[in-house]
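K.L.:
Structure file final.cif, mmCIF, C-alpha atoms, is pasted below:
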data_final
#
loop_
_atom_site.label_atom_id
_atom_site.label_comp_id
_atom_site.auth_asym_id
_atom_site.auth_seq_id
_atom_site.Cartn_x
_atom_site.Cartn_y
_atom_site.Cartn_z
CA MET D 1 -52.64 -2.44 11.95
CA SER D 2 -50.11 -1.41 9.26
CA THR D 3 -51.36 0.52 6.24
CA ILE D 4 -48.19 -0.13 4.24
CA THR D 5 -48.93 -1.64 0.83
CA ILE D 6 -46.41 -4.20 -0.42
CA THR D 7 -46.48 -4.32 -4.22
CA ALA D 8 -45.32 -7.11 -6.51
CA ALA D 9 -42.61 -4.75 -7.74
CA ASP D 10 -41.34 -4.33 -4.17
CA VAL D 11 -41.24 -8.09 -3.68
CA ASN D 12 -39.44 -8.62 -7.00
CA LYS D 13 -36.90 -5.90 -6.14
CA LEU D 14 -36.09 -7.58 -2.81
CA ARG D 15 -35.89 -10.94 -4.53
CA THR D 16 -33.41 -9.52 -7.07
CA ILE D 17 -31.29 -8.04 -4.29
CA THR D 18 -31.22 -11.11 -2.05
CA GLY D 19 -32.02 -14.11 -4.22
CA ALA D 20 -34.62 -15.22 -1.66
CA GLY D 21 -37.94 -16.79 -2.65
CA MET D 22 -40.98 -14.64 -3.52
CA MET D 23 -42.99 -15.63 -0.44
CA ASP D 24 -40.00 -15.14 1.86
CA CYS D 25 -39.44 -11.67 0.39
CA LYS D 26 -43.10 -10.70 0.75
CA LYS D 27 -43.18 -11.91 4.36
CA ALA D 28 -39.95 -10.04 5.16
CA LEU D 29 -41.30 -6.81 3.67
CA VAL D 30 -44.59 -7.12 5.55
CA GLU D 31 -42.76 -7.74 8.83
CA ALA D 32 -40.46 -4.77 8.11
CA GLU D 33 -43.42 -2.57 7.09
CA GLY D 34 -41.86 -1.88 3.71
CA ASP D 35 -38.37 -1.02 5.04
CA PHE D 36 -36.03 -2.66 2.51
CA ASP D 37 -32.93 -2.49 4.73
CA LEU D 38 -34.79 -4.09 7.62
CA ALA D 39 -36.28 -6.73 5.32
CA ILE D 40 -32.79 -7.62 4.03
CA GLU D 41 -31.52 -7.81 7.60
CA ASN D 42 -34.42 -10.09 8.55
CA LEU D 43 -33.69 -12.39 5.62
CA ARG D 44 -30.03 -12.52 6.63
CA LYS D 45 -31.06 -13.38 10.18
CA LYS D 46 -33.13 -16.19 8.76
CA GLY D 47 -30.02 -17.34 6.93
CA GLN D 48 -28.00 -17.23 10.13
CA LYS D 49 -30.59 -19.41 11.82
CA VAL D 50 -30.55 -21.92 8.97
CA ALA D 51 -26.74 -21.92 8.93
CA ALA D 52 -26.62 -22.67 12.64
CA ASN D 53 -29.13 -25.49 12.25
CA ARG D 54 -27.14 -27.04 9.41
CA SER D 55 -23.63 -26.51 10.81
CA ASP D 56 -23.13 -30.25 11.33
CA ARG D 57 -24.19 -31.21 7.80
CA GLU D 58 -21.63 -32.37 5.25
CA SER D 59 -21.13 -30.05 2.28
CA THR D 60 -19.17 -32.21 -0.16
CA GLU D 61 -20.95 -31.13 -3.35
CA GLY D 62 -20.74 -27.76 -5.08
CA ALA D 63 -18.60 -26.05 -7.69
CA ALA D 64 -14.82 -25.91 -8.17
CA ILE D 65 -13.77 -22.70 -9.93
CA ALA D 66 -10.52 -21.27 -11.31
CA ALA D 67 -9.89 -17.60 -12.07
CA VAL D 68 -6.74 -16.05 -13.55
CA ASN D 69 -5.96 -12.34 -13.78
CA ALA D 70 -5.70 -10.48 -17.09
CA ASP D 71 -1.88 -10.55 -17.06
CA LYS D 72 -1.89 -14.30 -16.40
CA THR D 73 0.54 -13.81 -13.54
CA ALA D 74 -1.77 -14.87 -10.68
CA GLY D 75 -4.74 -17.12 -10.20
CA VAL D 76 -7.04 -18.55 -7.57
CA VAL D 77 -8.88 -21.86 -7.27
CA LEU D 78 -11.67 -22.38 -4.78
CA THR D 79 -14.63 -24.57 -4.04
CA LEU D 80 -18.06 -23.26 -3.12
CA ASN D 81 -19.50 -26.20 -1.21
CA CYS D 82 -23.10 -27.25 -0.68
CA GLU D 83 -24.90 -30.42 0.39
CA THR D 84 -26.41 -31.76 -2.85
CA ASP D 85 -25.32 -32.15 -6.45
CA PHE D 86 -28.65 -30.65 -7.53
CA VAL D 87 -27.75 -27.30 -5.93
CA GLY D 88 -24.11 -27.57 -7.02
CA LYS D 89 -25.13 -27.69 -10.69
CA ASN D 90 -27.63 -24.83 -10.40
CA GLU D 91 -26.78 -21.98 -12.79
CA GLY D 92 -27.19 -19.32 -10.10
CA PHE D 93 -24.98 -21.27 -7.69
CA VAL D 94 -22.20 -21.66 -10.28
CA LYS D 95 -22.43 -17.95 -11.13
CA LEU D 96 -22.06 -17.05 -7.45
CA ALA D 97 -19.01 -19.34 -7.22
CA THR D 98 -17.53 -17.67 -10.31
CA ASP D 99 -18.19 -14.19 -8.90
CA PHE D 100 -16.50 -15.25 -5.67
CA ALA D 101 -13.45 -16.58 -7.55
CA ASN D 102 -13.06 -13.37 -9.55
CA GLN D 103 -13.21 -11.34 -6.34
CA ALA D 104 -10.81 -13.72 -4.59
CA LEU D 105 -8.10 -12.76 -7.10
CA ASN D 106 -7.64 -9.59 -5.04
CA PHE D 107 -6.84 -11.42 -1.80
CA ASP D 108 -3.98 -13.63 -0.63
CA SER D 109 -5.83 -15.58 2.05
CA LYS D 110 -9.21 -17.20 2.59
CA GLU D 111 -9.69 -15.12 5.75
CA ALA D 112 -9.13 -11.80 3.98
CA PHE D 113 -11.44 -12.88 1.15
CA LEU D 114 -14.25 -13.89 3.54
CA ALA D 115 -14.00 -10.50 5.27
CA SER D 116 -14.11 -8.54 2.00
CA ASP D 117 -17.11 -6.55 0.75
CA PHE D 118 -19.50 -8.33 -1.62
CA ASN D 119 -22.25 -5.98 -2.79
CA GLY D 120 -22.64 -4.30 0.58
CA ILE D 121 -22.09 -7.28 2.87
CA THR D 122 -19.05 -9.44 3.52
CA VAL D 123 -18.47 -12.67 1.64
CA ALA D 124 -18.98 -14.53 4.93
CA GLU D 125 -22.35 -12.81 5.40
CA LYS D 126 -23.31 -13.61 1.80
CA LEU D 127 -22.65 -17.28 2.50
CA ILE D 128 -24.94 -17.13 5.52
CA GLU D 129 -27.58 -15.33 3.48
CA GLN D 130 -27.44 -17.96 0.74
CA THR D 131 -27.69 -20.75 3.31
CA GLY D 132 -31.03 -19.21 4.26
CA VAL D 133 -32.10 -18.75 0.64
CA ILE D 134 -31.10 -22.22 -0.59
CA GLY D 135 -31.74 -24.16 2.61
CA GLU D 136 -28.41 -26.00 2.46
CA LYS D 137 -25.10 -25.47 4.20
CA ILE D 138 -23.05 -23.20 1.91
CA GLU D 139 -19.37 -22.49 2.54
CA ILE D 140 -16.03 -21.80 0.90
CA GLY D 141 -14.24 -25.12 1.16
CA SER D 142 -10.81 -24.93 -0.44
CA PHE D 143 -9.02 -21.67 -1.33
CA GLU D 144 -5.61 -21.59 -3.04
CA LYS D 145 -3.69 -18.73 -4.67
CA LEU D 146 -0.75 -19.04 -7.09
CA SER D 147 1.55 -16.51 -8.76
CA GLY D 148 4.17 -16.92 -11.45
CA ALA D 149 5.63 -15.63 -14.70
CA PHE D 150 2.71 -17.36 -16.44
CA VAL D 151 -0.33 -18.93 -14.77
CA GLY D 152 -2.85 -21.14 -16.53
CA SER D 153 -5.82 -23.16 -15.33
CA TYR D 154 -8.06 -26.14 -15.97
CA VAL D 155 -11.40 -27.16 -14.46
CA HIS D 156 -12.65 -30.74 -14.75
CA SER D 157 -16.44 -31.20 -14.76
CA GLY D 158 -16.87 -28.43 -12.18
CA LYS D 159 -15.44 -30.77 -9.53
CA ILE D 160 -11.65 -30.25 -9.76
CA ALA D 161 -9.88 -26.95 -10.41
CA VAL D 162 -6.14 -26.59 -11.00
CA LEU D 163 -3.66 -23.74 -11.44
CA VAL D 164 -0.20 -24.22 -12.95
CA ALA D 165 2.63 -21.68 -12.97
CA LEU D 166 5.34 -21.73 -15.62
CA SER D 167 8.73 -20.02 -15.56
CA ALA D 168 8.07 -17.79 -18.56
CA ASN D 169 5.32 -16.46 -20.83
CA VAL D 170 6.48 -18.00 -24.09
CA ALA D 171 4.72 -19.07 -27.27
CA GLY D 172 2.62 -22.11 -26.38
CA ALA D 173 2.60 -21.35 -22.65
CA ASP D 174 -1.19 -21.25 -22.47
CA GLU D 175 -1.63 -24.73 -23.95
CA ALA D 176 1.29 -26.12 -21.94
CA ALA D 177 -0.07 -24.79 -18.66
CA LYS D 178 -3.52 -26.22 -19.45
CA ASN D 179 -2.06 -29.63 -20.33
CA VAL D 180 -0.01 -29.75 -17.13
CA ALA D 181 -3.07 -28.65 -15.15
CA MET D 182 -5.05 -31.50 -16.76
CA GLN D 183 -2.27 -33.84 -15.65
CA ALA D 184 -2.54 -32.58 -12.07
CA ALA D 185 -6.32 -32.92 -12.16
CA ALA D 186 -6.13 -36.53 -13.34
CA MET D 187 -3.11 -37.79 -11.40
CA ASN D 188 -3.40 -35.79 -8.15
CA PRO D 189 0.33 -35.43 -7.41
CA ILE D 190 1.28 -34.75 -3.79
CA ALA D 191 3.99 -32.19 -4.68
CA LEU D 192 5.68 -30.41 -7.57
CA ASP D 193 8.97 -32.33 -7.22
CA GLU D 194 11.06 -34.27 -4.70
CA ALA D 195 11.90 -31.12 -2.75
CA GLY D 196 8.22 -30.50 -2.11
CA VAL D 197 7.59 -33.85 -0.40
CA ASP D 198 7.66 -33.46 3.37
CA ALA D 199 10.13 -35.45 5.48
CA ASP D 200 7.42 -37.41 7.31
CA THR D 201 6.00 -38.72 4.03
CA ILE D 202 9.46 -39.76 2.84
CA ALA D 203 10.23 -41.53 6.13
CA LYS D 204 6.88 -43.35 5.98
CA GLU D 205 7.47 -44.51 2.40
CA ILE D 206 10.96 -45.79 3.26
CA GLU D 207 9.56 -47.75 6.21
CA ILE D 208 6.80 -49.24 4.05
CA ALA D 209 9.38 -50.26 1.45
CA LYS D 210 11.61 -51.82 4.11
CA ASP D 211 8.74 -53.83 5.59
CA LEU D 212 7.80 -55.17 2.17
CA LEU D 213 11.41 -56.09 1.41
CA ARG D 214 11.71 -57.97 4.71
CA GLN D 215 8.52 -59.87 3.90
CA GLU D 216 10.11 -60.79 0.57
CA GLY D 217 13.12 -62.16 2.47
CA LYS D 218 15.67 -59.66 1.17
CA PRO D 219 18.97 -59.59 3.16
CA GLU D 220 18.97 -56.90 5.85
CA ALA D 221 22.27 -55.47 4.56
CA MET D 222 20.66 -54.72 1.20
CA ILE D 223 17.35 -53.35 2.43
CA ASP D 224 18.39 -49.69 2.91
CA ASN D 225 19.71 -49.30 -0.62
CA ILE D 226 16.77 -51.11 -2.23
CA ALA D 227 14.31 -49.02 -0.21
CA LYS D 228 15.94 -45.81 -1.41
CA GLY D 229 15.59 -47.04 -4.97
CA LYS D 230 11.90 -47.64 -4.40
CA LEU D 231 11.65 -44.09 -3.08
CA GLY D 232 12.75 -42.89 -6.51
CA ARG D 233 9.78 -44.73 -8.00
CA PHE D 234 7.51 -43.08 -5.42
CA PHE D 235 8.75 -39.64 -6.51
CA LYS D 236 8.19 -40.53 -10.17
CA ASP D 237 4.61 -41.62 -9.52
CA ASN D 238 3.62 -38.87 -7.09
CA THR D 239 5.42 -35.63 -7.99
CA LEU D 240 4.05 -33.61 -10.88
CA VAL D 241 7.15 -32.88 -12.97
CA ASN D 242 8.45 -36.46 -12.63
CA GLN D 243 5.21 -38.20 -13.59
CA ASP D 244 4.85 -39.77 -17.03
CA TYR D 245 3.02 -37.23 -19.19
CA ILE D 246 -0.49 -38.62 -19.69
CA LYS D 247 -0.69 -37.51 -23.34
CA ASP D 248 2.69 -39.10 -24.20
CA GLY D 249 3.99 -41.73 -21.80
CA SER D 250 7.43 -41.68 -23.45
CA MET D 251 8.30 -38.45 -21.61
CA SER D 252 7.91 -36.90 -18.17
CA VAL D 253 5.88 -33.77 -17.52
CA ALA D 254 9.14 -31.83 -17.14
CA ALA D 255 10.33 -33.11 -20.53
CA TYR D 256 7.00 -32.21 -22.14
CA VAL D 257 7.28 -28.62 -20.90
CA LYS D 258 10.84 -28.40 -22.21
CA SER D 259 9.60 -29.61 -25.61
CA VAL D 260 7.46 -26.46 -25.75
CA ASP D 261 10.44 -24.23 -24.96
CA GLY D 262 13.90 -25.41 -23.98
CA GLY D 263 14.14 -23.20 -20.92
CA LEU D 264 10.57 -23.65 -19.69
CA THR D 265 9.85 -25.25 -16.31
CA VAL D 266 6.85 -25.76 -14.04
CA THR D 267 7.29 -23.57 -10.97
CA GLY D 268 4.15 -24.42 -9.02
CA PHE D 269 0.63 -25.79 -9.00
CA LYS D 270 -2.49 -25.71 -6.85
CA ARG D 271 -5.31 -28.25 -6.99
CA VAL D 272 -8.69 -28.21 -5.25
CA ALA D 273 -11.43 -30.81 -5.47
CA LEU D 274 -14.88 -31.56 -4.11
CA GLY D 275 -15.76 -34.68 -2.17
#
Take the structure in the file and give it back as structure tokens.

P.N.:
Amino acid sequence: MSTITITAADVNKLRTITGAGMMDCKKALVEAEGDFDLAIENLRKKGQKVAANRSDRESTEGAAIAAVNADKTAGVVLTLNCETDFVGKNEGFVKLATDFANQALNFDSKEAFLASDFNGITVAEKLIEQTGVIGEKIEIGSFEKLSGAFVGSYVHSGKIAVLVALSANVAGADEAAKNVAMQAAAMNPIALDEAGVDADTIAKEIEIAKDLLRQEGKPEAMIDNIAKGKLGRFFKDNTLVNQDYIKDGSMSVAAYVKSVDGGLTVTGFKRVALG
């Protein structure tokens, strides 16, 4: 029988390191006979087991986070997903998501980020550990990186996170980028401009327009030209720079940005959302 004494300080130390519950930490330390490294490993194994058991669960709640570097030339948006809104709003969960986003600034892909070191274990291993601690499926859902002459961000209610890149760092760029990011959050454009819309989507929209025109009894000879005109409306409604600016419907988003500085343009955006 083991003579190792597990103190409350030991349990609290392990809890601080892992975030696991007090009883789980005490049990892990007893099983490991006071070996902290082995106790941490055992807790992670518990997490792996929980993760495997919950692999088929939907994780549509969580936290959407944006992080931008100090120079405001690059940013990342990601979602840390979980199963319930209760967990998604938890202060510790949001802090973990924020820590992840700040670390993700150093990586160009989700895969490289997941393989990176996070306080002695990989991000992927940390997710497994937290699945065990929280008891819900925890994963990085969306991951998007954006670079530009100036990058700004906006997060809506912790559920939608957006990055916007502008062509220059000019006076008013911060507010302009935030306003355009708010636009993207609210209106969910499918692309920056016409050039960003893929050919399949364009072909599908033209066919939909043609079918509607035929149902309206329009002459076949006129249908192609009318359909192309309707495509222009589709671009206006669904591409960011061509949309009516939500704070002033008399101008487009592109025109709004030019009102801040005559040479300013939007060069890119990334949007992630939960649900």

K.L.:
Name the residues in contact with range 144-150 of chain D at a cut-off of 9 Å, using all atoms listed in the file, excluding same-chain residues fewer than 3 positions from it; report them as a VMD selection string.

P.N.:
chain D and resid 71 to 78 104 to 105 107 to 110 163 to 170 173 to 174 177 267 to 272

K.L.:
Which residue, D:Val257, D:Leu274, D:Asp244, D:Ala209, has the smallest gap to Asp85 in chain D when you use all atoms listed in the file?

P.N.:
D:Leu274

K.L.:
Can you tell me, as a PyMOL selection string, what residues are no more than 10 Å from range 33-45 of chain D when counting all atoms listed in the file, ignoring any on the same chain fewer than 5 positions away?

P.N.:
chain D and resi 2-7+10-11+13-15+17-18+20+24-28+50-51+125-133

K.L.:
For Thr79 in chain D, which residue out of D:Lys218, D:Lys159, D:Lys49, D:Lys204 is the nearest one, using only C-alpha atoms?

P.N.:
D:Lys159

K.L.:
Neighbours of Ala124 in chain D within 10 Å (all atoms listed in the file; same-chain residues fewer than 2 positions away dropped), as a PyMOL selection string?

P.N.:
chain D and resi 111+113-118+121-122+126-129+139-140
